[in-house]
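Data block for coords_12.txt (compact mmCIF, C-alpha atoms):
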# COMPACT_ATOMS: atom_id res chain seq x y z
CA MET A 381 43.46 -31.61 40.67
CA HIS A 382 47.22 -31.82 40.60
CA LEU A 383 49.05 -31.81 37.29
CA ALA A 384 50.40 -35.28 38.11
CA ILE A 385 47.72 -37.95 38.43
CA SER A 386 47.67 -41.71 38.54
CA LEU A 387 46.78 -43.79 35.54
CA HIS A 388 43.67 -44.93 37.39
CA ASP A 389 42.50 -41.35 38.03
CA ALA A 390 43.18 -40.41 34.41
CA VAL A 391 40.98 -43.22 33.18
CA ASP A 392 38.22 -42.16 35.58
CA LEU A 393 38.19 -38.69 34.00
CA ILE A 394 37.11 -40.11 30.65
CA PRO A 395 33.40 -41.03 30.54
CA ASP A 396 31.67 -43.43 28.20
CA GLY A 397 30.68 -41.65 25.00
CA ALA A 398 33.59 -39.18 25.13
CA SER A 399 35.44 -38.00 22.05
CA VAL A 400 39.13 -38.84 22.35
CA MET A 401 42.10 -37.82 20.24
CA LEU A 402 44.89 -40.36 20.44
CA SER A 403 48.30 -39.42 19.11
CA GLY A 404 50.73 -41.73 17.38
CA PHE A 405 51.62 -43.22 14.04
CA MET A 406 51.57 -46.99 13.53
CA GLY A 407 51.93 -47.46 17.27
CA VAL A 408 54.84 -45.03 17.64
CA GLY A 409 54.28 -42.01 19.91
CA VAL A 410 51.13 -43.52 21.43
CA PRO A 411 50.37 -43.27 25.19
CA ASP A 412 50.16 -47.05 25.51
CA GLY A 413 49.51 -47.11 29.25
CA ILE A 414 46.31 -45.05 28.94
CA VAL A 415 45.16 -47.12 25.96
CA HIS A 416 45.49 -50.39 27.84
CA ALA A 417 43.86 -48.93 30.98
CA LEU A 418 40.88 -47.57 29.01
CA ALA A 419 40.44 -50.96 27.36
CA ALA A 420 40.69 -52.78 30.71
CA ALA A 421 38.13 -50.38 32.22
CA GLY A 422 35.68 -51.35 29.47
CA LYS A 423 34.91 -47.82 28.27
CA LYS A 424 32.02 -47.67 25.83
CA ASP A 425 30.90 -45.64 22.82
CA LEU A 426 34.07 -43.59 22.42
CA THR A 427 34.62 -41.49 19.34
CA LEU A 428 38.28 -42.07 18.55
CA ILE A 429 40.34 -39.66 16.44
CA SER A 430 43.66 -41.19 15.51
CA ASN A 431 45.90 -41.14 12.46
CA ASP A 432 45.72 -44.91 12.05
CA THR A 433 44.64 -48.03 13.89
CA ALA A 434 48.08 -49.70 13.82
CA ARG A 435 47.78 -53.47 14.28
CA ASP A 436 45.48 -55.61 16.44
CA THR A 437 47.59 -55.34 19.60
CA THR A 438 49.57 -52.11 19.03
CA GLY A 439 48.71 -48.42 19.17
CA PRO A 440 44.95 -47.99 19.63
CA GLY A 441 44.44 -51.70 18.87
CA PRO A 442 43.39 -52.76 22.42
CA LEU A 443 40.49 -50.25 22.33
CA PHE A 444 38.93 -52.09 19.40
CA ALA A 445 39.58 -55.54 20.84
CA ALA A 446 37.66 -54.40 23.96
CA HIS A 447 34.83 -52.87 21.87
CA CYS A 448 35.34 -49.39 23.33
CA VAL A 449 34.97 -47.46 20.08
CA LYS A 450 31.70 -46.54 18.40
CA LYS A 451 33.03 -44.08 15.84
CA LEU A 452 36.51 -43.88 14.32
CA ILE A 453 37.97 -40.89 12.49
CA CYS A 454 41.31 -41.83 10.92
CA SER A 455 43.34 -41.88 7.70
CA HIS A 456 44.36 -45.55 7.60
CA MET A 457 42.96 -48.77 9.08
CA GLY A 458 44.30 -51.38 6.68
CA LEU A 459 46.52 -53.37 9.04
CA ASN A 460 44.15 -53.95 11.96
CA THR A 461 42.00 -57.04 11.37
CA ILE A 462 39.69 -56.28 14.33
CA VAL A 463 38.90 -52.84 12.93
CA GLN A 464 38.30 -54.33 9.49
CA ALA A 465 35.88 -56.89 10.95
CA GLN A 466 34.01 -54.32 13.06
CA TYR A 467 33.76 -51.99 10.06
CA ALA A 468 32.45 -54.80 7.85
CA SER A 469 29.84 -55.86 10.43
CA GLY A 470 28.62 -52.30 10.95
CA GLU A 471 29.64 -52.21 14.61
CA LEU A 472 32.14 -49.46 13.91
CA GLU A 473 31.26 -46.22 12.13
CA VAL A 474 34.27 -44.90 10.20
CA GLU A 475 35.12 -41.51 8.74
CA LEU A 476 38.24 -41.70 6.59
CA VAL A 477 40.16 -38.45 6.28
CA PRO A 478 43.31 -37.90 4.19
CA GLN A 479 46.22 -37.72 6.61
CA GLY A 480 47.29 -34.17 5.74
CA THR A 481 43.69 -33.02 6.04
CA LEU A 482 43.24 -34.80 9.36
CA VAL A 483 46.21 -33.09 10.97
CA GLU A 484 45.23 -29.69 9.54
CA ARG A 485 41.63 -30.05 10.81
CA ILE A 486 43.01 -30.77 14.29
CA ARG A 487 45.46 -27.89 13.98
CA ALA A 488 42.64 -25.57 12.87
CA ALA A 489 40.63 -26.42 15.97
CA GLY A 490 43.64 -25.90 18.20
CA MET A 491 44.65 -22.63 16.59
CA GLY A 492 41.23 -21.01 16.47
CA LEU A 493 40.68 -21.24 12.74
CA GLY A 494 37.27 -21.79 11.16
CA GLY A 495 38.62 -24.48 8.86
CA ILE A 496 41.23 -24.96 6.16
CA LEU A 497 41.23 -24.98 2.37
CA THR A 498 43.05 -27.95 0.84
CA PRO A 499 43.39 -29.22 -2.73
CA THR A 500 43.57 -32.78 -1.37
CA GLY A 501 40.43 -34.77 -2.12
CA VAL A 502 39.01 -32.52 -4.85
CA GLY A 503 37.40 -34.77 -7.47
CA THR A 504 37.27 -37.81 -5.14
CA LEU A 505 34.77 -39.36 -2.71
CA VAL A 506 36.32 -37.22 0.02
CA ALA A 507 34.78 -34.11 -1.57
CA GLU A 508 31.21 -35.39 -1.25
CA GLY A 509 29.01 -32.98 0.66
CA LYS A 510 31.82 -30.45 1.13
CA GLN A 511 31.98 -26.87 -0.04
CA ILE A 512 34.44 -26.16 -2.86
CA ILE A 513 36.03 -22.73 -2.78
CA GLU A 514 38.00 -21.34 -5.72
CA VAL A 515 41.08 -19.27 -4.94
CA ASP A 516 43.10 -17.80 -7.82
CA GLY A 517 41.48 -20.24 -10.25
CA LYS A 518 42.23 -23.37 -8.22
CA ASP A 519 39.64 -25.48 -6.40
CA TYR A 520 39.99 -26.24 -2.69
CA LEU A 521 37.85 -28.19 -0.26
CA LEU A 522 36.67 -26.45 2.87
CA GLU A 523 37.57 -28.81 5.70
CA LEU A 524 36.21 -28.02 9.14
CA PRO A 525 38.02 -27.93 12.51
CA LEU A 526 38.21 -31.12 14.54
CA SER A 527 38.44 -30.98 18.32
CA ALA A 528 37.74 -33.53 21.06
CA ASP A 529 36.82 -33.78 24.73
CA PHE A 530 40.22 -35.30 25.45
CA ALA A 531 43.62 -35.37 23.79
CA LEU A 532 45.75 -38.30 24.95
CA ILE A 533 49.36 -37.71 24.03
CA ALA A 534 52.76 -39.28 24.58
CA ALA A 535 55.96 -37.36 25.26
CA ARG A 536 59.60 -38.27 25.73
CA SER A 537 60.09 -35.88 28.67
CA CYS A 538 57.80 -33.79 30.83
CA ASP A 539 58.97 -31.30 33.46
CA TYR A 540 57.22 -30.24 36.68
CA VAL A 541 55.15 -27.56 34.90
CA GLY A 542 54.11 -29.84 32.06
CA ASN A 543 56.51 -28.68 29.36
CA LEU A 544 56.92 -31.50 26.86
CA SER A 545 59.61 -32.68 24.49
CA TYR A 546 59.30 -35.44 21.93
CA MET A 547 61.76 -37.78 20.30
CA LEU A 548 62.37 -38.33 16.58
CA THR A 549 59.38 -39.76 14.70
CA ALA A 550 57.45 -40.28 17.95
CA THR A 551 56.57 -36.57 17.63
CA ASN A 552 54.00 -36.99 14.80
CA PHE A 553 50.50 -35.85 15.91
CA ASN A 554 51.42 -35.14 19.56
CA PRO A 555 52.12 -31.38 19.52
CA ILE A 556 49.12 -30.76 17.25
CA MET A 557 46.64 -32.75 19.33
CA ALA A 558 47.93 -31.05 22.49
CA LEU A 559 46.35 -27.86 21.13
CA ALA A 560 42.99 -29.37 20.18
CA GLY A 561 41.81 -31.40 23.18
CA ARG A 562 39.56 -29.67 25.71
CA THR A 563 41.37 -31.70 28.36
CA VAL A 564 44.94 -32.75 27.57
CA ILE A 565 46.41 -35.80 29.30
CA CYS A 566 50.05 -36.64 28.69
CA GLU A 567 51.82 -39.91 29.33
CA PRO A 568 55.55 -39.10 29.37
CA GLU A 569 58.39 -41.60 29.39
CA GLU A 570 60.12 -39.57 32.08
CA ILE A 571 59.39 -36.64 34.39
CA VAL A 572 62.29 -34.26 34.93
CA PRO A 573 62.91 -31.07 36.95
CA VAL A 574 62.15 -27.71 35.38
CA GLY A 575 65.14 -26.59 33.35
CA VAL A 576 66.17 -30.04 32.17
CA ILE A 577 64.22 -29.47 28.96
CA PRO A 578 65.80 -26.31 27.48
CA PRO A 579 63.24 -23.69 26.34
CA ASP A 580 64.05 -24.25 22.66
CA ALA A 581 63.50 -28.00 23.08
CA VAL A 582 60.02 -27.57 24.56
CA LYS A 583 57.61 -28.44 21.73
CA THR A 584 54.45 -28.25 23.83
CA PRO A 585 54.37 -25.54 26.52
CA GLY A 586 53.08 -26.78 29.86
CA VAL A 587 50.19 -24.30 29.78
CA LEU A 588 48.47 -26.65 27.31
CA VAL A 589 48.78 -29.74 29.48
CA ASP A 590 46.04 -30.46 32.05
CA HIS A 591 47.24 -33.76 33.50
CA VAL A 592 50.41 -35.81 33.48
CA ILE A 593 50.37 -39.52 34.21
CA GLN A 594 52.74 -40.32 37.06
CA THR A 595 55.72 -42.41 36.07
CA THR A 596 56.30 -43.46 39.70
CA THR A 597 53.97 -43.90 42.66
CA MET B 634 65.71 -60.47 -12.56
CA ASP B 635 63.03 -60.53 -9.87
CA PRO B 636 60.04 -58.51 -11.17
CA LYS B 637 59.89 -56.25 -8.12
CA ALA B 638 63.64 -55.63 -8.21
CA LEU B 639 63.38 -54.76 -11.92
CA ILE B 640 60.66 -52.21 -11.21
CA ALA B 641 62.61 -50.66 -8.34
CA ARG B 642 65.79 -50.46 -10.41
CA ARG B 643 63.97 -48.72 -13.27
CA VAL B 644 62.28 -46.22 -10.93
CA ALA B 645 65.67 -45.44 -9.36
CA GLN B 646 66.79 -44.04 -12.74
CA GLU B 647 64.18 -41.30 -12.35
CA ILE B 648 65.57 -39.92 -9.11
CA GLU B 649 67.55 -36.69 -9.45
CA PRO B 650 70.45 -35.73 -7.16
CA ASN B 651 69.77 -33.46 -4.18
CA THR B 652 66.02 -33.96 -4.11
CA LEU B 653 63.36 -34.73 -1.48
CA VAL B 654 61.67 -38.05 -2.20
CA ASN B 655 58.85 -40.02 -0.52
CA LEU B 656 58.69 -43.76 -1.13
CA GLY B 657 55.46 -45.66 -0.45
CA ILE B 658 55.16 -49.09 1.14
CA GLY B 659 56.00 -52.24 -0.84
CA ILE B 660 57.84 -52.09 -4.17
CA PRO B 661 58.49 -48.32 -3.84
CA THR B 662 60.48 -48.96 -0.65
CA LEU B 663 62.94 -51.09 -2.65
CA VAL B 664 63.90 -48.14 -4.86
CA SER B 665 66.45 -46.77 -2.39
CA ASP B 666 68.46 -50.01 -2.73
CA TYR B 667 69.40 -48.95 -6.27
CA LEU B 668 70.58 -45.43 -5.53
CA ASP B 669 74.08 -44.10 -5.03
CA GLU B 670 74.29 -42.85 -1.43
CA ASP B 671 76.36 -39.87 -2.59
CA MET B 672 73.47 -38.45 -4.62
CA GLY B 673 72.30 -36.21 -1.78
CA VAL B 674 68.74 -37.56 -1.89
CA PHE B 675 66.73 -37.09 1.30
CA PHE B 676 63.97 -39.61 1.89
CA GLN B 677 60.92 -38.20 3.60
CA ALA B 678 58.28 -40.20 5.45
CA GLU B 679 54.79 -39.03 6.38
CA ASN B 680 55.40 -39.67 10.07
CA GLY B 681 57.91 -36.84 10.17
CA ALA B 682 61.30 -38.10 9.03
CA VAL B 683 63.49 -36.23 6.56
CA GLY B 684 66.62 -38.20 5.75
CA MET B 685 65.84 -41.84 6.43
CA GLY B 686 68.69 -44.29 6.03
CA HIS B 687 69.05 -48.05 5.97
CA ARG B 688 67.47 -50.46 8.40
CA PRO B 689 69.42 -50.54 11.67
CA PRO B 690 71.43 -53.66 12.52
CA GLU B 691 69.30 -56.55 13.79
CA GLY B 692 68.10 -55.87 17.32
CA MET B 693 69.28 -52.22 17.32
CA GLY B 694 66.01 -50.55 16.28
CA ASP B 695 64.77 -47.54 18.27
CA ARG B 696 61.02 -47.41 18.72
CA HIS B 697 61.16 -43.61 18.36
CA LEU B 698 62.57 -43.89 14.85
CA THR B 699 60.44 -45.65 12.25
CA ASP B 700 59.27 -45.22 8.70
CA ALA B 701 55.65 -44.66 7.63
CA GLY B 702 55.08 -48.41 7.81
CA GLY B 703 56.17 -48.47 11.45
CA ARG B 704 59.43 -50.29 10.69
CA PHE B 705 62.73 -49.35 12.31
CA VAL B 706 65.00 -47.13 10.21
CA SER B 707 68.19 -45.16 10.73
CA PHE B 708 69.04 -41.58 9.80
CA VAL B 709 71.60 -40.23 7.36
CA PRO B 710 73.82 -37.29 8.41
CA GLY B 711 71.81 -34.09 8.04
CA ALA B 712 68.48 -35.73 8.83
CA SER B 713 65.73 -33.95 10.73
CA THR B 714 62.38 -34.68 12.34
CA ILE B 715 59.16 -32.70 12.08
CA ASP B 716 55.60 -33.04 13.33
CA SER B 717 52.76 -34.35 11.17
CA ALA B 718 51.44 -30.91 10.18
CA PHE B 719 54.88 -29.86 8.97
CA SER B 720 55.37 -33.21 7.25
CA PHE B 721 52.22 -32.70 5.20
CA GLY B 722 53.18 -29.10 4.62
CA LEU B 723 56.26 -30.44 2.83
CA ILE B 724 54.07 -32.82 0.85
CA ARG B 725 51.21 -30.51 -0.08
CA GLY B 726 53.19 -27.29 -0.24
CA GLY B 727 55.18 -28.20 -3.33
CA HIS B 728 58.41 -29.01 -1.50
CA LEU B 729 58.42 -32.73 -2.30
CA ASP B 730 60.17 -33.44 -5.60
CA LEU B 731 58.94 -36.98 -6.12
CA THR B 732 56.71 -39.64 -4.64
CA VAL B 733 56.71 -43.29 -5.68
CA LEU B 734 53.51 -45.15 -4.84
CA GLY B 735 51.82 -48.48 -5.40
CA ALA B 736 48.43 -48.79 -7.07
CA LEU B 737 45.34 -50.94 -7.23
CA GLN B 738 44.48 -49.45 -10.62
CA VAL B 739 45.70 -46.75 -12.99
CA ASP B 740 44.06 -45.70 -16.23
CA GLU B 741 44.56 -44.06 -19.60
CA ALA B 742 44.01 -40.62 -18.10
CA GLY B 743 46.77 -41.30 -15.58
CA HIS B 744 44.29 -41.46 -12.72
CA LEU B 745 45.25 -43.56 -9.71
CA ALA B 746 43.08 -45.67 -7.39
CA ASN B 747 44.86 -47.08 -4.35
CA TRP B 748 42.85 -46.69 -1.14
CA THR B 749 39.66 -48.74 -1.21
CA ILE B 750 37.95 -51.72 -2.78
CA PRO B 751 34.39 -50.88 -1.69
CA GLY B 752 32.61 -53.72 0.07
CA GLN B 753 35.77 -55.79 0.13
CA TYR B 754 38.75 -54.05 1.70
CA THR B 755 39.15 -50.43 2.70
CA PRO B 756 42.59 -49.71 4.15
CA GLY B 757 42.08 -45.95 3.82
CA MET B 758 44.10 -43.35 1.98
CA GLY B 759 46.65 -42.58 4.68
CA GLY B 760 48.86 -39.94 3.10
CA ALA B 761 48.31 -41.03 -0.51
CA MET B 762 45.76 -38.37 -1.46
CA ASP B 763 48.02 -35.60 -0.19
CA LEU B 764 51.09 -37.12 -1.85
CA VAL B 765 49.47 -37.48 -5.27
CA THR B 766 47.93 -34.03 -5.05
CA GLY B 767 51.02 -32.23 -3.79
CA ALA B 768 54.21 -33.89 -5.03
CA LYS B 769 55.94 -32.31 -8.01
CA LYS B 770 56.23 -35.71 -9.67
CA VAL B 771 54.28 -38.93 -9.07
CA ILE B 772 55.55 -42.34 -10.23
CA ILE B 773 53.50 -45.51 -9.88
CA ALA B 774 55.57 -48.64 -9.22
CA MET B 775 53.52 -51.85 -9.35
CA LEU B 776 53.23 -55.35 -10.73
CA HIS B 777 51.48 -55.26 -14.09
CA ARG B 778 48.57 -57.46 -13.03
CA ALA B 779 47.08 -58.67 -9.74
CA LYS B 780 45.66 -62.18 -9.41
CA GLY B 781 45.31 -62.38 -13.18
CA GLU B 782 43.41 -59.09 -13.38
CA ALA B 783 44.61 -56.13 -15.41
CA LYS B 784 45.57 -53.09 -13.35
CA ILE B 785 46.24 -50.63 -16.19
CA LEU B 786 42.69 -49.96 -17.37
CA ARG B 787 40.83 -47.77 -19.84
CA GLU B 788 39.18 -46.14 -16.84
CA CYS B 789 39.57 -46.89 -13.13
CA THR B 790 36.56 -48.70 -11.67
CA LEU B 791 37.67 -48.08 -8.06
CA PRO B 792 37.35 -44.70 -6.29
CA LEU B 793 40.15 -42.33 -7.31
CA THR B 794 42.95 -41.12 -5.07
CA SER B 795 43.23 -37.77 -6.84
CA GLN B 796 42.13 -36.06 -10.03
CA ARG B 797 45.80 -35.32 -10.74
CA ARG B 798 47.44 -37.20 -13.64
CA VAL B 799 50.40 -39.28 -12.50
CA ASP B 800 53.66 -38.75 -14.40
CA LEU B 801 54.92 -42.27 -15.02
CA ILE B 802 53.90 -45.90 -14.48
CA VAL B 803 56.58 -48.58 -14.15
CA THR B 804 55.78 -52.30 -14.16
CA GLU B 805 57.84 -55.44 -14.75
CA LEU B 806 56.68 -55.34 -18.38
CA GLY B 807 57.25 -51.73 -19.35
CA VAL B 808 57.18 -48.00 -18.71
CA PHE B 809 54.04 -46.01 -19.46
CA LYS B 810 53.49 -42.26 -19.66
CA PRO B 811 50.04 -40.66 -19.54
CA GLU B 812 49.77 -37.65 -21.88
CA ASP B 813 46.95 -35.45 -23.19
CA ASP B 814 46.34 -37.83 -26.11
CA GLY B 815 46.35 -41.03 -24.02
CA LEU B 816 48.67 -43.55 -22.44
CA HIS B 817 52.05 -44.00 -24.16
CA LEU B 818 54.14 -47.16 -23.90
CA ILE B 819 57.64 -45.72 -23.91
CA GLU B 820 59.84 -48.66 -22.85
CA ARG B 821 59.56 -52.42 -22.64
CA ALA B 822 61.30 -54.66 -20.11
CA PRO B 823 64.23 -56.83 -21.28
CA ASN B 824 63.04 -59.92 -23.18
CA VAL B 825 59.42 -58.73 -23.19
CA THR B 826 57.78 -58.25 -26.57
CA LEU B 827 55.36 -55.53 -27.56
CA GLU B 828 52.74 -58.21 -28.23
CA VAL B 829 52.94 -59.52 -24.67
CA ILE B 830 52.53 -56.02 -23.21
CA LEU B 831 49.53 -55.29 -25.42
CA ALA B 832 47.93 -58.62 -24.50
CA MET B 833 48.42 -58.05 -20.77
CA THR B 834 47.11 -54.48 -20.74
CA GLU B 835 43.45 -53.44 -20.87
CA ALA B 836 44.19 -49.77 -21.55
CA ARG B 837 44.73 -48.66 -25.15
CA LEU B 838 48.42 -47.92 -25.60
CA ILE B 839 50.01 -45.42 -27.94
CA HIS B 840 53.41 -46.71 -29.11
CA ASP B 841 56.04 -46.66 -31.85
CA THR B 842 56.65 -49.71 -34.03
CA ASN B 843 59.87 -50.33 -32.15
CA VAL B 844 59.60 -49.71 -28.44
CA PRO B 845 63.03 -49.26 -26.85
CA GLU B 846 64.21 -51.51 -24.06
CA MET B 847 63.93 -50.34 -20.45
CA HIS B 848 66.68 -48.02 -19.26
CA LEU B 849 68.18 -49.65 -16.18
CA GLY B 850 71.41 -47.69 -15.69
CA CYS B 851 74.79 -49.28 -15.49
Reformat the file's structure so that it appears as structure tokens.
Amino acid sequence: MHLAISLHDAVDLIPDGASVMLSGFMGVGVPDGIVHALAAAGKKDLTLISNDTARDTTGPGPLFAAHCVKKLICSHMGLNTIVQAQYASGELEVELVPQGTLVERIRAAGMGLGGILTPTGVGTLVAEGKQIIEVDGKDYLLELPLSADFALIAARSCDYVGNLSYMLTATNFNPIMALAGRTVICEPEEIVPVGVIPPDAVKTPGVLVDHVIQTTT
Amino acid sequence: MDPKALIARRVAQEIEPNTLVNLGIGIPTLVSDYLDEDMGVFFQAENGAVGMGHRPPEGMGDRHLTDAGGRFVSFVPGASTIDSAFSFGLIRGGHLDLTVLGALQVDEAGHLANWTIPGQYTPGMGGAMDLVTGAKKVIIAMLHRAKGEAKILRECTLPLTSQRRVDLIVTELGVFKPEDDGLHLIERAPNVTLEVILAMTEARLIHDTNVPEMHLGC
């Protein structure tokens, strides 16, 4: 398949029951087009890995409104009333992960590490069932790698070979998730010729990107 | 003075020049209103901003530039952006001088609970567990009570955010410092008596006969 694909074809790649990493932070740096298309397609039983659930209609919000998500792994879900209701009713299974731990677990998967040791969560509910490892007299939690079938990411610019650049705080989880998805689909704001993104400005090398959503048809 | 403004103004006195500071959502966000812009303080946000400035003019927000609450911000000269892993590296790695956070409960041991009310409302911890665990200094900025309920308790009844002892608690009634021997009341708000503070606080407070008035700067 070509690097550039239509939104429709991208959605067809993702089956019911898939695990999906979705980048973004409170709706910023989220591939909104894919989110809306997945919701409209009525995908079922997704496991969604996302920093937060933003609000009812922003970020990953539409996926919950359309009942696409069975399990949610995130750090914050306080501002989405649909998520709160689905969690309360038992429809939605939730694993809450401290934000710094979440990004490091994703990074570990993407960088070939067997896990990370973090002091965050020691002595709290987060530590339940986890191995504690002492290093130089200090306790750390062993947190395991987190990968997914798909990483759905948003970029500012994408060139013809899939090199990506990001903009300001829309960077957030994007370059990390681009390493950890078995299939990486990017929704850029613009597609530019090779060379327009200078090598030093490329934050995700194109070799990591499997598909790019077309910005024009 | 408005209670929240009083809290923010008192917390602002704790901020040292040329430091890296993370302000939480709510009252902590107000703290930057009471700081001299020439102090060289860089405000960090979990979503990857180092050097956040004021809100942009109405209608001029850029959706690529927001704070950790998703609201539009601007940048100060010298600002930078980083990804989420780097952002939490700053937080956990000992590079963050101070974080100011809200709380559901704090207790005599200086333990903080601020991420879940089991069976009722679970927003999640977001970055709070990493911030409390990793920042060099943690200040709690909150209203003294919530819906008539005490928030400074003998022992937190809600799940903890960290086992780390916070450094200071500032409310509209006073300033409290957890130490090895318990929770010290070190300042009282203007026109607030010791008796009122004791009556409004469930935790046992260690204090002098005369508690000095809150230091609010000039």
Contact set, chain A to chain B: 10 Å, all atoms listed in the file, as a PyMOL selection string: chain A and resi 404-409+431-432+434+454-460+464+467-468+475-487+498-506+536+546-556+583
Would you compute the distance between CA of Pro845 in chain B and CA of Thr732 in chain B? Give it in Å to one decimal.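 According to the coordinates, CA of Pro845 in chain B and CA of Thr732 in chain B are separated by 25.0 Å.
You will find CA of Arg642 in chain B at 26.8 Å from CA of Arg787 in chain B.
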Interatomic distance between CA of Asp425 in chain A and CA of Val589 in chain A? 24.8 Å
Proximity to Leu801 in chain B - best of B:Ala638, B:Cys789, B:Val739, B:Ala746, only C-alpha atoms: B:Val739
Excluding Thr652 in chain B and residues on its chain fewer than 5 positions from it, collect all residues at most 8 Å away from it, counting all atoms listed in the file, and give them as a PDB file with C-alpha atoms, in the coordinates of the input.
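That gives us out-v9.pdb:
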ATOM      1  CA  GLY B 673      72.300 -36.210  -1.780  1.00  0.00           C
ATOM      2  CA  VAL B 674      68.740 -37.560  -1.890  1.00  0.00           C
ATOM      3  CA  PHE B 675      66.730 -37.090   1.300  1.00  0.00           C
ATOM      4  CA  LEU B 729      58.420 -32.730  -2.300  1.00  0.00           C
ATOM      5  CA  ASP B 730      60.170 -33.440  -5.600  1.00  0.00           C
ATOM      6  CA  LEU B 731      58.940 -36.980  -6.120  1.00  0.00           C
TER       7      LEU B 731
END
Across B:Asn651, B:Asn824, B:Gln738, B:Ser665, the smallest distance to Glu788 in chain B, with only C-alpha atoms counted, is shown by B:Gln738
May I ask which of the residues A:Ile512, A:Met401, A:Ala528, A:Val449 is the closest one to Lys423 in chain A, counting only C-alpha atoms?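 The answer is A:Val449, which sits nearest to Lys423 in chain A.
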For range 771-781 of chain B, please output as an NGL selection string all residues within 10 Å (counting all atoms listed in the file; exclusion window: fewer than 3 positions along the same chain). :B and (636-637 or 640-641 or 643-644 or 647 or 655-657 or 659-662 or 664 or 730-739 or 743 or 745 or 764-768 or 784-785 or 797-810 or 830 or 833-834)
Could you dump the residues just selected with C-alpha atoms as an mmCIF file, keeping the file's coordinate frame?
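Dumped everything to result_9.cif:
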data_model
loop_
_atom_site.group_PDB
_atom_site.id
_atom_site.type_symbol
_atom_site.label_atom_id
_atom_site.label_comp_id
_atom_site.auth_asym_id
_atom_site.auth_seq_id
_atom_site.Cartn_x
_atom_site.Cartn_y
_atom_site.Cartn_z
ATOM 1 C CA PRO B 636 60.040 -58.510 -11.170
ATOM 2 C CA LYS B 637 59.890 -56.250 -8.120
ATOM 3 C CA ILE B 640 60.660 -52.210 -11.210
ATOM 4 C CA ALA B 641 62.610 -50.660 -8.340
ATOM 5 C CA ARG B 643 63.970 -48.720 -13.270
ATOM 6 C CA VAL B 644 62.280 -46.220 -10.930
ATOM 7 C CA GLU B 647 64.180 -41.300 -12.350
ATOM 8 C CA ASN B 655 58.850 -40.020 -0.520
ATOM 9 C CA LEU B 656 58.690 -43.760 -1.130
ATOM 10 C CA GLY B 657 55.460 -45.660 -0.450
ATOM 11 C CA GLY B 659 56.000 -52.240 -0.840
ATOM 12 C CA ILE B 660 57.840 -52.090 -4.170
ATOM 13 C CA PRO B 661 58.490 -48.320 -3.840
ATOM 14 C CA THR B 662 60.480 -48.960 -0.650
ATOM 15 C CA VAL B 664 63.900 -48.140 -4.860
ATOM 16 C CA ASP B 730 60.170 -33.440 -5.600
ATOM 17 C CA LEU B 731 58.940 -36.980 -6.120
ATOM 18 C CA THR B 732 56.710 -39.640 -4.640
ATOM 19 C CA VAL B 733 56.710 -43.290 -5.680
ATOM 20 C CA LEU B 734 53.510 -45.150 -4.840
ATOM 21 C CA GLY B 735 51.820 -48.480 -5.400
ATOM 22 C CA ALA B 736 48.430 -48.790 -7.070
ATOM 23 C CA LEU B 737 45.340 -50.940 -7.230
ATOM 24 C CA GLN B 738 44.480 -49.450 -10.620
ATOM 25 C CA VAL B 739 45.700 -46.750 -12.990
ATOM 26 C CA GLY B 743 46.770 -41.300 -15.580
ATOM 27 C CA LEU B 745 45.250 -43.560 -9.710
ATOM 28 C CA LEU B 764 51.090 -37.120 -1.850
ATOM 29 C CA VAL B 765 49.470 -37.480 -5.270
ATOM 30 C CA THR B 766 47.930 -34.030 -5.050
ATOM 31 C CA GLY B 767 51.020 -32.230 -3.790
ATOM 32 C CA ALA B 768 54.210 -33.890 -5.030
ATOM 33 C CA LYS B 784 45.570 -53.090 -13.350
ATOM 34 C CA ILE B 785 46.240 -50.630 -16.190
ATOM 35 C CA ARG B 797 45.800 -35.320 -10.740
ATOM 36 C CA ARG B 798 47.440 -37.200 -13.640
ATOM 37 C CA VAL B 799 50.400 -39.280 -12.500
ATOM 38 C CA ASP B 800 53.660 -38.750 -14.400
ATOM 39 C CA LEU B 801 54.920 -42.270 -15.020
ATOM 40 C CA ILE B 802 53.900 -45.900 -14.480
ATOM 41 C CA VAL B 803 56.580 -48.580 -14.150
ATOM 42 C CA THR B 804 55.780 -52.300 -14.160
ATOM 43 C CA GLU B 805 57.840 -55.440 -14.750
ATOM 44 C CA LEU B 806 56.680 -55.340 -18.380
ATOM 45 C CA GLY B 807 57.250 -51.730 -19.350
ATOM 46 C CA VAL B 808 57.180 -48.000 -18.710
ATOM 47 C CA PHE B 809 54.040 -46.010 -19.460
ATOM 48 C CA LYS B 810 53.490 -42.260 -19.660
ATOM 49 C CA ILE B 830 52.530 -56.020 -23.210
ATOM 50 C CA MET B 833 48.420 -58.050 -20.770
ATOM 51 C CA THR B 834 47.110 -54.480 -20.740
#
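Here the question is which of A:Ala507, A:Asp389, A:Tyr520, A:Ile565 gets nearest to Ala535 in chain A using all atoms listed in the file, and that residue is A:Ile565.
With all atoms listed in the file as the atoms that count, the minimum distance from Pro650 in chain B to the choices B:Glu835, B:Asp841, B:Glu820, B:Glu670 is reached by B:Glu670.
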Neighbour list for Thr596 in chain A as a ChimeraX atom specification, cut-off 10 Å, all atoms listed in the file, skip fewer than 6 positions in-chain: /A:386,570-571
Return as JSON the box centre and box size in Å, one decimal, for an axis-aligned box around all listed atoms of range 452-459 of chain A padded by 3 Å per side.
{"center_x": 41.5, "center_y": -47.1, "center_z": 10.5, "size_x": 16.0, "size_y": 18.5, "size_z": 13.6}
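For the point (34.5, -54.9, 17.7) in file coordinates, the residues within 10 Å, using only C-alpha atoms, are Leu443, Phe444, Ala445, Ala446, His447, Cys448, Val449, Lys450, Ile462, Val463, Gln464, Ala465, Gln466, Tyr467, Ser469, Gly470, Glu471 and Leu472 of chain A.
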